[in-house]
>>> print(open('final_37.txt').read())   # compact mmCIF, C-alpha atoms
# COMPACT_ATOMS: atom_id res chain seq x y z
CA MET A 1 10.02 -16.57 8.72
CA SER A 2 11.34 -15.12 5.51
CA SER A 3 9.43 -16.09 2.39
CA LYS A 4 10.45 -16.93 -1.15
CA ARG A 5 9.31 -14.48 -3.79
CA ILE A 6 6.40 -15.77 -5.82
CA PRO A 7 6.20 -14.41 -9.41
CA ARG A 8 3.93 -11.37 -9.54
CA VAL A 9 1.96 -9.92 -12.42
CA GLY A 10 0.59 -6.37 -12.19
CA ILE A 11 -2.55 -5.59 -14.17
CA GLY A 12 -3.37 -1.92 -14.70
CA GLY A 13 -5.70 0.08 -16.88
CA PRO A 14 -8.38 2.76 -16.94
CA VAL A 15 -11.67 2.43 -15.03
CA GLY A 16 -13.99 0.01 -16.80
CA SER A 17 -11.38 -1.35 -19.21
CA GLY A 18 -11.94 -4.90 -17.94
CA LYS A 19 -9.12 -5.59 -15.48
CA THR A 20 -11.31 -7.58 -13.10
CA MET A 21 -13.00 -9.53 -15.87
CA LEU A 22 -9.63 -10.37 -17.44
CA ILE A 23 -8.51 -11.81 -14.09
CA GLU A 24 -11.76 -13.76 -13.88
CA GLN A 25 -10.80 -15.34 -17.22
CA ILE A 26 -7.08 -15.84 -16.51
CA VAL A 27 -7.45 -17.59 -13.15
CA PRO A 28 -9.72 -20.48 -14.28
CA THR A 29 -7.51 -21.07 -17.33
CA LEU A 30 -4.41 -21.24 -15.16
CA PHE A 31 -6.30 -23.42 -12.67
CA THR A 32 -7.12 -26.03 -15.32
CA LYS A 33 -3.39 -26.23 -16.06
CA GLY A 34 -2.69 -26.78 -12.35
CA TYR A 35 -1.41 -23.31 -11.43
CA LYS A 36 -2.50 -21.83 -8.08
CA VAL A 37 -3.02 -18.07 -7.99
CA GLY A 38 -3.52 -15.41 -5.31
CA ILE A 39 -5.09 -12.02 -6.05
CA VAL A 40 -4.50 -8.57 -4.56
CA SER A 41 -7.10 -6.11 -5.80
CA ASN A 42 -6.60 -2.37 -5.37
CA ASP A 43 -9.82 -0.42 -5.49
CA VAL A 44 -10.14 3.34 -5.75
CA VAL A 45 -13.30 3.70 -3.69
CA SER A 46 -15.14 0.45 -3.06
CA LYS A 47 -14.29 -3.16 -2.27
CA GLU A 48 -16.54 -4.26 -5.11
CA ASP A 49 -13.89 -5.79 -7.39
CA ALA A 50 -12.30 -7.86 -4.62
CA GLU A 51 -15.68 -9.00 -3.36
CA ARG A 52 -16.82 -9.94 -6.87
CA MET A 53 -13.68 -11.99 -7.57
CA ARG A 54 -13.91 -13.63 -4.16
CA ARG A 55 -17.50 -14.61 -4.86
CA ASN A 56 -16.94 -15.73 -8.47
CA LEU A 57 -13.56 -17.43 -8.24
CA ALA A 58 -13.45 -18.66 -4.66
CA THR A 59 -16.95 -19.10 -3.24
CA GLU A 60 -18.78 -20.26 -6.38
CA LYS A 61 -16.08 -21.93 -8.48
CA GLY A 62 -13.85 -23.06 -5.60
CA LEU A 63 -10.67 -22.20 -7.52
CA MET A 64 -8.95 -20.73 -4.47
CA PRO A 65 -9.57 -20.15 -0.77
CA GLU A 66 -11.58 -16.95 -0.15
CA GLU A 67 -8.70 -15.41 1.83
CA LEU A 68 -6.56 -15.50 -1.32
CA VAL A 69 -8.48 -12.55 -2.75
CA ILE A 70 -7.41 -9.50 -0.78
CA GLY A 71 -8.76 -5.99 -1.31
CA VAL A 72 -6.53 -2.96 -0.71
CA ALA A 73 -7.75 0.63 -0.32
CA THR A 74 -5.52 3.18 -2.03
CA GLY A 75 -6.43 6.48 -0.39
CA GLY A 76 -7.67 7.80 -3.71
CA CYS A 77 -4.22 7.42 -5.29
CA PRO A 78 -4.26 4.16 -7.28
CA HIS A 79 -1.02 4.76 -9.16
CA THR A 80 0.79 5.77 -5.96
CA ALA A 81 -0.20 2.46 -4.37
CA VAL A 82 1.51 0.43 -7.10
CA ARG A 83 4.38 2.72 -8.06
CA GLU A 84 5.61 5.65 -5.93
CA ASP A 85 4.75 4.08 -2.57
CA PRO A 86 3.83 0.41 -2.96
CA SER A 87 4.41 -0.24 0.78
CA ILE A 88 0.96 -1.58 1.63
CA ASN A 89 0.76 -3.74 -1.51
CA LEU A 90 4.23 -5.11 -0.81
CA SER A 91 3.21 -5.97 2.74
CA VAL A 92 0.06 -7.76 1.60
CA VAL A 93 1.97 -9.67 -1.10
CA GLU A 94 4.74 -10.65 1.32
CA GLU A 95 2.16 -11.87 3.85
CA MET A 96 0.60 -13.95 1.08
CA GLU A 97 3.99 -15.38 0.10
CA LEU A 98 4.66 -16.33 3.70
CA LYS A 99 1.30 -17.99 4.35
CA TYR A 100 0.72 -19.63 0.96
CA ASP A 101 4.09 -20.69 -0.35
CA TYR A 102 2.45 -23.22 -2.67
CA LEU A 103 1.16 -20.43 -4.92
CA ASP A 104 2.60 -20.26 -8.44
CA LEU A 105 1.58 -16.70 -9.15
CA ILE A 106 0.21 -13.54 -7.54
CA LEU A 107 -1.93 -11.19 -9.61
CA ILE A 108 -2.01 -7.56 -8.46
CA GLU A 109 -4.85 -5.52 -9.91
CA SER A 110 -4.36 -1.76 -9.86
CA GLY A 111 -7.27 0.53 -9.16
CA GLY A 112 -8.72 2.05 -12.31
CA ASP A 113 -6.55 4.97 -13.30
CA ASN A 114 -5.31 7.04 -16.21
CA ILE A 115 -2.90 6.09 -18.99
CA THR A 116 0.19 6.98 -16.95
CA THR A 117 -0.14 4.00 -14.62
CA THR A 118 2.88 1.73 -14.32
CA PHE A 119 3.94 -0.74 -11.64
CA SER A 120 7.04 -0.48 -9.48
CA PRO A 121 9.41 -3.30 -10.48
CA ALA A 122 9.77 -3.93 -6.74
CA LEU A 123 6.10 -4.90 -6.69
CA ALA A 124 5.42 -6.60 -10.05
CA ASP A 125 7.75 -8.71 -12.20
CA TYR A 126 5.53 -8.36 -15.26
CA PHE A 127 3.10 -5.63 -16.19
CA ILE A 128 -0.07 -6.07 -18.23
CA TYR A 129 -1.88 -2.91 -19.28
CA ILE A 130 -5.44 -3.23 -20.53
CA ILE A 131 -7.43 -0.74 -22.57
CA ASP A 132 -10.60 -1.20 -24.57
CA VAL A 133 -11.84 -0.17 -27.98
CA THR A 134 -14.47 2.25 -26.68
CA GLY A 135 -11.87 5.01 -26.50
CA GLY A 136 -11.54 4.74 -30.29
CA ASP A 137 -8.78 3.29 -32.44
CA LYS A 138 -6.59 6.34 -31.72
CA TYR A 139 -6.00 5.07 -28.15
CA PRO A 140 -2.63 3.29 -28.68
CA ARG A 141 -1.07 6.08 -30.72
CA LYS A 142 -1.98 8.62 -28.02
CA ARG A 143 0.67 6.80 -26.01
CA GLY A 144 1.01 7.09 -22.21
CA LEU A 145 3.38 5.33 -19.82
CA GLY A 146 1.08 2.35 -19.33
CA ILE A 147 0.59 1.65 -23.03
CA GLU A 148 4.24 2.22 -23.93
CA ASN A 149 5.98 0.50 -21.04
CA CYS A 150 3.87 -2.54 -20.21
CA ASP A 151 5.20 -6.01 -21.02
CA LEU A 152 1.90 -7.00 -22.60
CA LEU A 153 -0.78 -4.65 -23.94
CA VAL A 154 -4.26 -6.14 -23.89
CA ILE A 155 -7.00 -4.52 -25.98
CA ASN A 156 -10.41 -5.58 -24.71
CA LYS A 157 -14.03 -5.50 -25.93
CA ILE A 158 -13.11 -6.26 -29.53
CA ASP A 159 -16.66 -7.51 -30.14
CA ILE A 160 -18.02 -3.96 -30.10
CA ALA A 161 -15.30 -2.45 -32.30
CA PRO A 162 -17.45 -2.53 -35.49
CA TYR A 163 -20.29 -0.69 -33.75
CA ILE A 164 -18.17 2.27 -32.71
CA GLY A 165 -15.99 2.42 -35.81
CA ALA A 166 -12.77 1.31 -34.16
CA ASP A 167 -10.38 -0.34 -36.60
CA LEU A 168 -8.44 -3.12 -34.84
CA LYS A 169 -5.82 -3.16 -37.60
CA VAL A 170 -5.06 0.51 -36.93
CA MET A 171 -4.78 -0.22 -33.21
CA GLU A 172 -2.43 -3.14 -33.88
CA ARG A 173 -0.26 -1.09 -36.23
CA ASP A 174 -0.02 1.88 -33.85
CA ALA A 175 0.61 -0.33 -30.81
CA LYS A 176 3.56 -1.92 -32.63
CA ILE A 177 5.04 1.48 -33.36
CA VAL A 178 4.63 3.08 -29.91
CA ARG A 179 5.65 -0.13 -28.14
CA SER A 180 8.67 -0.92 -30.29
CA ASN A 181 7.19 -4.29 -31.31
CA LYS A 182 6.43 -5.47 -27.77
CA PRO A 183 3.39 -7.79 -27.83
CA THR A 184 -0.25 -6.74 -27.99
CA VAL A 185 -3.18 -9.14 -27.56
CA PHE A 186 -6.80 -8.54 -28.58
CA VAL A 187 -9.41 -10.06 -26.29
CA ASN A 188 -13.07 -10.22 -25.46
CA SER A 189 -12.96 -10.80 -21.72
CA LYS A 190 -16.66 -11.49 -21.62
CA THR A 191 -16.41 -14.60 -23.83
CA GLY A 192 -12.79 -15.48 -23.16
CA GLN A 193 -11.74 -14.90 -26.77
CA GLY A 194 -7.99 -14.21 -26.89
CA VAL A 195 -7.42 -14.95 -23.19
CA ASP A 196 -5.39 -18.08 -23.98
CA ALA A 197 -2.76 -15.83 -25.55
CA VAL A 198 -2.54 -13.79 -22.34
CA VAL A 199 -2.20 -16.95 -20.25
CA SER A 200 0.46 -18.33 -22.62
CA SER A 201 2.45 -15.11 -22.25
CA ILE A 202 2.29 -15.39 -18.45
CA ILE A 203 3.38 -19.04 -18.46
CA ARG A 204 6.21 -18.34 -20.92
CA ASP A 205 7.48 -14.94 -19.76
CA VAL A 206 6.69 -14.98 -16.02
CA LEU A 207 6.69 -18.63 -14.99
CA PHE A 208 9.31 -19.60 -17.59
CA GLU A 209 7.28 -22.70 -18.46
CA ALA A 210 7.75 -24.11 -14.94
CA SER A 211 5.33 -26.84 -13.93
CA PRO A 212 2.79 -26.01 -11.22
CA LYS A 213 4.35 -26.35 -7.75
CA THR A 214 1.67 -28.66 -6.42
CA LEU A 215 2.12 -31.02 -9.39
CA VAL A 216 5.88 -31.07 -8.89
CA LYS A 217 5.48 -31.91 -5.18
CA ASN A 218 3.06 -34.73 -5.93
CA MET U 219 34.47 18.17 6.83
CA PHE U 220 31.02 19.31 7.99
CA MET U 221 31.93 19.24 11.69
CA ASN U 222 32.02 23.01 12.10
CA THR U 223 28.90 23.89 10.20
CA ASP U 224 25.48 24.33 11.75
CA ILE U 225 23.84 21.88 9.40
CA SER U 226 24.53 18.17 9.33
CA ARG U 227 23.78 14.87 7.63
CA GLU U 228 21.30 14.18 10.43
CA ASP U 229 19.33 17.26 9.35
CA VAL U 230 19.03 15.83 5.86
CA SER U 231 17.88 12.50 7.33
CA LEU U 232 15.34 14.43 9.38
CA LEU U 233 13.97 16.04 6.23
CA GLN U 234 13.93 12.67 4.47
CA MET U 235 11.94 11.02 7.26
CA SER U 236 9.45 13.88 7.52
CA ASP U 237 8.78 14.00 3.78
CA SER U 238 5.41 12.60 2.69
CA PHE U 239 7.33 11.28 -0.35
CA PHE U 240 8.98 8.75 1.98
CA PRO U 241 7.27 5.39 1.24
CA THR U 242 5.34 4.14 4.25
CA GLY U 243 1.80 3.87 2.90
CA LEU U 244 0.48 6.53 5.29
CA TYR U 245 -1.13 8.45 2.38
CA ALA U 246 -3.77 5.72 2.28
CA THR U 247 -4.91 6.27 5.90
CA SER U 248 -7.53 8.76 7.07
CA SER U 249 -7.56 7.78 10.77
CA GLY U 250 -11.35 7.57 10.85
CA LEU U 251 -11.94 10.82 8.97
CA GLU U 252 -13.59 9.00 6.08
CA ALA U 253 -16.06 7.34 8.47
CA LEU U 254 -16.72 10.64 10.23
CA LEU U 255 -17.47 12.34 6.93
CA GLN U 256 -20.11 9.74 6.18
CA ILE U 257 -22.07 10.56 9.34
CA LYS U 258 -21.30 14.25 9.75
CA ARG U 259 -20.73 17.30 7.61
CA LEU U 260 -17.26 18.55 8.51
CA LYS U 261 -15.69 21.99 8.60
CA ASN U 262 -12.07 23.12 8.81
CA LYS U 263 -12.35 23.60 12.57
CA ASP U 264 -13.58 20.04 12.98
CA ILE U 265 -10.46 18.71 11.24
CA SER U 266 -8.22 20.82 13.44
CA ASN U 267 -10.03 19.65 16.59
CA LEU U 268 -10.00 16.02 15.47
CA ILE U 269 -6.24 16.06 14.91
CA ALA U 270 -5.64 17.88 18.21
CA ILE U 271 -7.64 15.22 20.09
CA TYR U 272 -5.71 12.46 18.34
CA LEU U 273 -2.39 14.12 19.20
CA GLN U 274 -3.31 14.73 22.85
CA GLN U 275 -5.23 11.53 23.56
CA VAL U 276 -3.75 8.88 21.26
CA VAL U 277 -0.68 9.63 19.15
CA GLY U 278 1.10 11.58 21.91
CA PRO U 279 0.65 9.34 24.97
CA SER U 280 0.89 6.05 23.06
CA ASP U 281 2.79 6.40 19.75
CA CYS U 282 5.20 9.10 20.89
CA THR U 283 5.81 7.28 24.17
CA ALA U 284 6.50 4.05 22.29
CA LEU U 285 8.85 5.87 19.95
CA GLY U 286 10.78 7.41 22.89
CA ASN U 287 11.11 4.04 24.61
CA ALA U 288 12.15 2.28 21.41
CA TYR U 289 14.75 4.97 20.79
CA GLU U 290 16.18 4.64 24.32
CA SER U 291 16.24 0.84 24.04
CA CYS U 292 18.29 1.14 20.85
CA ARG U 293 20.64 3.64 22.48
CA LYS U 294 21.22 1.20 25.37
CA GLY U 295 21.34 -1.85 23.08
CA ASP U 296 18.51 -3.42 25.12
CA LEU U 297 16.62 -5.68 22.69
CA ASP U 298 14.34 -7.13 25.40
CA ALA U 299 13.09 -3.65 26.30
CA LEU U 300 12.55 -2.88 22.62
CA LEU U 301 10.49 -6.04 22.14
CA ASN U 302 8.49 -5.21 25.26
CA THR U 303 7.62 -1.80 23.80
CA ASP U 304 6.67 -3.44 20.50
CA GLU U 305 4.36 -5.89 22.24
CA SER U 306 2.80 -3.27 24.52
CA LEU U 307 1.92 -0.93 21.68
CA TYR U 308 0.68 -3.74 19.43
CA PHE U 309 -1.83 -4.86 22.03
CA MET U 310 -2.88 -1.27 22.69
CA ARG U 311 -4.05 -1.03 19.06
CA ILE U 312 -7.52 -2.39 19.64
CA ILE U 313 -8.90 -1.82 16.13
CA GLU U 314 -7.79 -4.56 13.75
CA GLU U 315 -7.73 -2.27 10.71
CA THR U 316 -5.41 0.28 12.34
CA ARG U 317 -3.29 -2.44 13.95
CA ASN U 318 -2.68 -4.14 10.59
CA ALA U 319 -1.98 -0.84 8.82
CA SER U 320 0.52 0.13 11.51
CA VAL U 321 2.36 -3.21 11.31
CA ARG U 322 2.49 -3.11 7.51
CA SER U 323 3.78 0.48 7.39
CA GLY U 324 6.32 -0.22 10.14
CA ASN U 325 7.71 -3.26 8.37
CA GLN U 326 8.08 -1.44 5.07
CA LEU U 327 9.74 1.49 6.85
CA LEU U 328 12.32 -0.89 8.35
CA LYS U 329 12.94 -2.58 5.02
CA CYS U 330 13.41 0.73 3.25
CA VAL U 331 15.83 2.21 5.80
CA SER U 332 17.80 -1.02 6.20
CA SER U 333 18.44 -0.95 2.46
CA PHE U 334 20.72 2.06 3.00
CA VAL U 335 21.69 1.81 6.69
CA LYS U 336 23.81 -1.32 7.10
CA ASN U 337 25.82 -0.77 10.25
CA LYS U 338 23.25 -0.60 13.05
CA LYS U 339 22.99 -3.81 15.06
CA MET U 340 19.70 -2.93 16.79
CA LEU U 341 18.05 -2.28 13.44
CA LYS U 342 19.13 -5.73 12.26
CA ASP U 343 18.22 -7.40 15.57
CA TYR U 344 14.74 -5.86 15.51
CA GLN U 345 14.14 -7.05 11.94
CA ASN U 346 15.36 -10.52 12.88
CA ALA U 347 12.97 -10.54 15.84
CA ILE U 348 10.11 -9.68 13.46
CA SER U 349 11.18 -12.42 11.01
CA SER U 350 11.22 -14.97 13.80
CA GLY U 351 7.80 -13.92 15.07
CA ASN U 352 9.05 -12.29 18.29
CA ALA U 353 8.04 -8.75 17.32
CA THR U 354 5.48 -7.10 15.06
CA GLY U 355 7.23 -3.99 13.69
CA VAL U 356 4.35 -1.71 14.68
CA TYR U 357 4.99 1.69 13.09
CA PRO U 358 5.92 4.03 16.01
CA VAL U 359 8.40 1.48 17.38
CA SER U 360 9.92 0.96 13.94
CA PHE U 361 10.06 4.72 13.60
CA GLY U 362 12.00 4.96 16.87
CA VAL U 363 14.46 2.32 15.67
CA VAL U 364 15.09 3.94 12.28
CA THR U 365 15.39 7.52 13.60
CA TRP U 366 17.92 6.27 16.16
CA SER U 367 19.71 4.45 13.33
CA LEU U 368 19.88 7.70 11.36
CA ASP U 369 21.16 9.68 14.38
CA ILE U 370 18.14 11.94 14.38
CA PRO U 371 17.73 13.43 17.90
CA LYS U 372 14.95 11.78 19.90
CA LYS U 373 12.69 14.80 20.41
CA ARG U 374 12.93 15.72 16.76
CA ALA U 375 12.04 12.12 15.89
CA GLY U 376 8.93 12.51 18.06
CA LEU U 377 8.08 15.73 16.28
CA ILE U 378 8.41 14.08 12.85
CA LEU U 379 6.08 11.28 13.96
CA LEU U 380 3.39 13.71 15.08
CA TYR U 381 3.90 15.94 12.07
CA GLY U 382 3.63 12.93 9.74
CA PHE U 383 0.38 11.88 11.40
CA THR U 384 -1.02 15.41 11.09
CA VAL U 385 -0.10 15.65 7.42
CA SER U 386 -1.60 12.23 6.66
CA VAL U 387 -4.98 13.26 8.12
CA ILE U 388 -4.91 16.62 6.32
CA GLY U 389 -3.96 14.85 3.07
CA ALA U 390 -7.01 12.62 3.51
CA ALA U 391 -9.19 15.67 4.24
CA LEU U 392 -7.97 17.29 1.03
CA ARG U 393 -8.73 14.23 -1.08
CA LEU U 394 -12.13 13.85 0.57
CA GLY U 395 -12.88 17.46 -0.33
CA ILE U 396 -13.32 18.61 3.27
CA VAL U 397 -10.59 21.27 3.17
CA GLN U 398 -8.75 23.21 0.49
CA HIS U 399 -4.98 23.28 0.08
CA PHE U 400 -4.47 26.61 1.93
CA ASP U 401 -6.74 25.41 4.76
CA GLY U 402 -4.54 22.35 5.22
CA GLN U 403 -1.43 24.46 5.68
CA GLN U 404 -3.27 26.76 8.08
CA ILE U 405 -4.30 23.78 10.21
CA ILE U 406 -0.69 22.57 10.39
CA HIS U 407 0.35 26.09 11.43
CA GLU U 408 -2.33 26.22 14.14
CA LEU U 409 -1.36 22.83 15.53
CA ARG U 410 2.34 23.60 15.97
CA LEU U 411 2.05 24.12 19.73
CA VAL U 412 -0.11 21.04 20.22
CA MET U 413 2.53 18.94 18.43
CA LEU U 414 5.38 20.44 20.44
CA GLU U 415 3.60 20.05 23.79
CA SER U 416 2.63 16.50 22.96
CA VAL U 417 6.22 15.54 22.21
CA LEU U 418 7.59 17.18 25.35
CA LYS U 419 4.91 15.56 27.53
CA ASN U 420 5.30 12.05 26.19
CA ILE U 421 8.69 11.34 24.63
CA ASP U 422 10.26 10.46 28.03
CA ARG U 423 7.19 8.75 29.47
CA SER U 424 7.89 5.23 30.74
CA ILE U 425 6.38 2.34 28.85
CA SER U 426 4.42 1.29 31.96
CA SER U 427 2.55 4.60 31.92
CA MET U 428 1.83 4.60 28.19
CA TRP U 429 -1.87 5.23 27.56
CA GLN U 430 -4.48 6.28 25.05
CA PHE U 431 -8.11 7.23 25.55
CA ALA U 432 -10.41 8.33 22.75
CA PRO U 433 -13.39 5.95 22.78
CA GLU U 434 -15.42 7.93 20.26
CA LEU U 435 -12.54 7.81 17.80
CA ASP U 436 -12.20 4.07 18.42
CA ILE U 437 -15.87 3.60 17.58
CA LEU U 438 -15.37 5.72 14.48
CA GLN U 439 -12.51 3.49 13.37
CA MET U 440 -14.70 0.44 13.99
CA LYS U 441 -17.39 1.98 11.79
CA HIS U 442 -14.76 2.49 9.10
CA GLU U 443 -13.89 -1.22 9.22
CA MET U 444 -17.51 -2.01 8.36
CA MET U 445 -17.91 0.50 5.51
CA SER U 446 -18.56 -1.23 2.20
CA SER U 447 -17.30 1.63 0.07
CA LYS U 448 -14.12 3.44 1.04
CA MET U 449 -11.01 5.10 -0.31
CA PHE U 450 -8.81 4.72 2.76
CA ILE U 451 -7.30 1.82 4.70
CA THR U 452 -8.32 3.33 8.06
>>> encode(input="final_37.txt", output="structure tokens")
Amino acid sequence: MSSKRIPRVGIGGPVGSGKTMLIEQIVPTLFTKGYKVGIVSNDVVSKEDAERMRRNLATEKGLMPEELVIGVATGGCPHTAVREDPSINLSVVEEMELKYDYLDLILIESGGDNITTTFSPALADYFIYIIDVTGGDKYPRKRGLGIENCDLLVINKIDIAPYIGADLKVMERDAKIVRSNKPTVFVNSKTGQGVDAVVSSIIRDVLFEASPKTLVKN
Amino acid sequence: MFMNTDISREDVSLLQMSDSFFPTGLYATSSGLEALLQIKRLKNKDISNLIAIYLQQVVGPSDCTALGNAYESCRKGDLDALLNTDESLYFMRIIEETRNASVRSGNQLLKCVSSFVKNKKMLKDYQNAISSGNATGVYPVSFGVVTWSLDIPKKRAGLILLYGFTVSVIGAALRLGIVQHFDGQQIIHELRLVMLESVLKNIDRSISSMWQFAPELDILQMKHEMMSSKMFIT
């Protein structure tokens, strides 16, 4: 009963940066294009994120079966669970691959953590790191493993940048420098602004423009 | 070239398997401690007693026994006996949360060790049995298979299992703020005899006399399953 690896995207970022809300925007957009997604959500203390996504994406919108949103407790060590010892996440992902081989993509949300979070390449094929403007426009140039190493940096809550004096141009310039020109996307996860660019990156760089499996079969 | 020295490759393997750095996911388990903390204010002595009860009433007579039987089955090349031990222990895990955690950790342990141990038929056969749905890979049995594969002596393998359990609970207690870092080491020191006795009592126990009895701890684990807010898997 060995399974075929389904492409996996890891999404990490500090507490409150908008990881869950970004997923809640990405999944419906992928769904309208025919892509089926499973979600593994690591929470530091509660099961709130997993339960919210299950309710919003599965129960209310019917975009996936409820059992395709799985919550994982991390023993208070969110970065350990996705990097140093991703055993439990790997098990959950492999079980998902075995049971739901029709999935096109698995999203793995890290628990909220600090700027040193990265994903083990054994767990995630592609790593999105999300920060928001409330930390000030100095955030990207302060560096950190997550900001520097991720495949795609997402900067969220751009709608409130003017109110807190965060200059998006400064953030863009600094991100380019510290990330050696790797891509950065500005979004407002609440309205969906900029999310199309994130989805396009996933389809291009993770799925390699492959058609959705269920469409190919039909 | 190391034949005449008093240290060996097996000793290094022993250290590797007993290191909390080894990736098995056990750092995310509290074995009911998190649920207990929610209903009771805990002191250092409570943690020590809790672990001692687990070692004497659960981990010793069930996990250590399963490990010993798995190890012997590998030594004899008896796959049927190994699968019988796997099945017996799996069905003895009555709490779904702990059963799932044990299976997941066991499977990842096998995958990790089989990435660098390639020449042990029983290790491969056990993994094949899991892939074909004929075994579960529950952690203590997997631990018996990999320690045999690494030529770690059986009693020492039992000791590592019990030590690893003890450290995982103390690690959880530290993160939950119940004990301080020196307290944790003191508890390990105090429990040395309990660990040793538990291994000696149970490592050669037959699979038919494997047991566990700690109903209050079982209820605690069930309470943990129902908690809406938690840091730990168990």
>>> residues_around(input="final_37.txt", residues="Glu290 of chain U", least_positions_apart="5", cutoff="10 Å", atoms="only C-alpha atoms", output="list of chain:residue names")
U:Ala284, U:Leu285, U:Gly295, U:Asp296, U:Ala299, U:Leu300, U:Gly362, U:Val363, U:Trp366, U:Lys372, U:Asp422
>>> residues_around(input="final_37.txt", residues="Ile378 of chain U", least_positions_apart="4", cutoff="9 Å", atoms="all atoms listed in the file", output="PyMOL selection string")
chain U and resi 232-233+235-236+373-374+382-383
>>> residues_around(input="final_37.txt", residues="Thr214 of chain A", least_positions_apart="2", cutoff="10 Å", atoms="only C-alpha atoms", output="ChimeraX atom specification")
/A:34-36,102-104,211-212,216-218
>>> closest_residue(input="final_37.txt", among="U:Ile421, U:Gln326, U:Lys338, U:Ser291", to="Asp369 of chain U", atoms="only C-alpha atoms")
U:Lys338
>>> interface_residues(input="final_37.txt", of="chain U", to="chain A", cutoff="7 Å", atoms="all atoms listed in the file", output="ChimeraX atom specification")
/U:241-243,245-247,322-323,326,349-350,446-451
>>> atom_distance(input="final_37.txt", atom1="atom CA of His399 of chain U", atom2="atom CA of Leu273 of chain U")
21.4 Å
>>> decode(input="final_37.txt", residues="segment 33-56 of chain A", atoms="C-alpha atoms", output="CSV table (one decimal), in the first residue's frame")
chain,number,residue,atom,x,y,z
A,33,LYS,CA,-9.5,25.8,-11.4
A,34,GLY,CA,-10.3,22.2,-10.6
A,35,TYR,CA,-7.5,21.4,-8.2
A,36,LYS,CA,-8.2,19.3,-5.1
A,37,VAL,CA,-6.4,20.2,-1.9
A,38,GLY,CA,-5.8,18.6,1.5
A,39,ILE,CA,-4.7,20.6,4.6
A,40,VAL,CA,-2.5,19.7,7.5
A,41,SER,CA,-2.7,22.4,10.2
A,42,ASN,CA,-0.1,22.5,13.0
A,43,ASP,CA,-1.3,24.5,16.0
A,44,VAL,CA,0.8,25.6,18.9
A,45,VAL,CA,-1.9,25.3,21.6
A,46,SER,CA,-5.4,25.0,20.2
A,47,LYS,CA,-7.2,23.2,17.4
A,48,GLU,CA,-8.8,26.5,16.4
A,49,ASP,CA,-7.1,27.0,13.0
A,50,ALA,CA,-7.9,23.4,11.8
A,51,GLU,CA,-11.5,23.7,13.1
A,52,ARG,CA,-12.0,27.1,11.5
A,53,MET,CA,-10.7,25.8,8.1
A,54,ARG,CA,-12.8,22.7,8.4
A,55,ARG,CA,-15.9,24.7,9.0
A,56,ASN,CA,-15.2,27.4,6.4
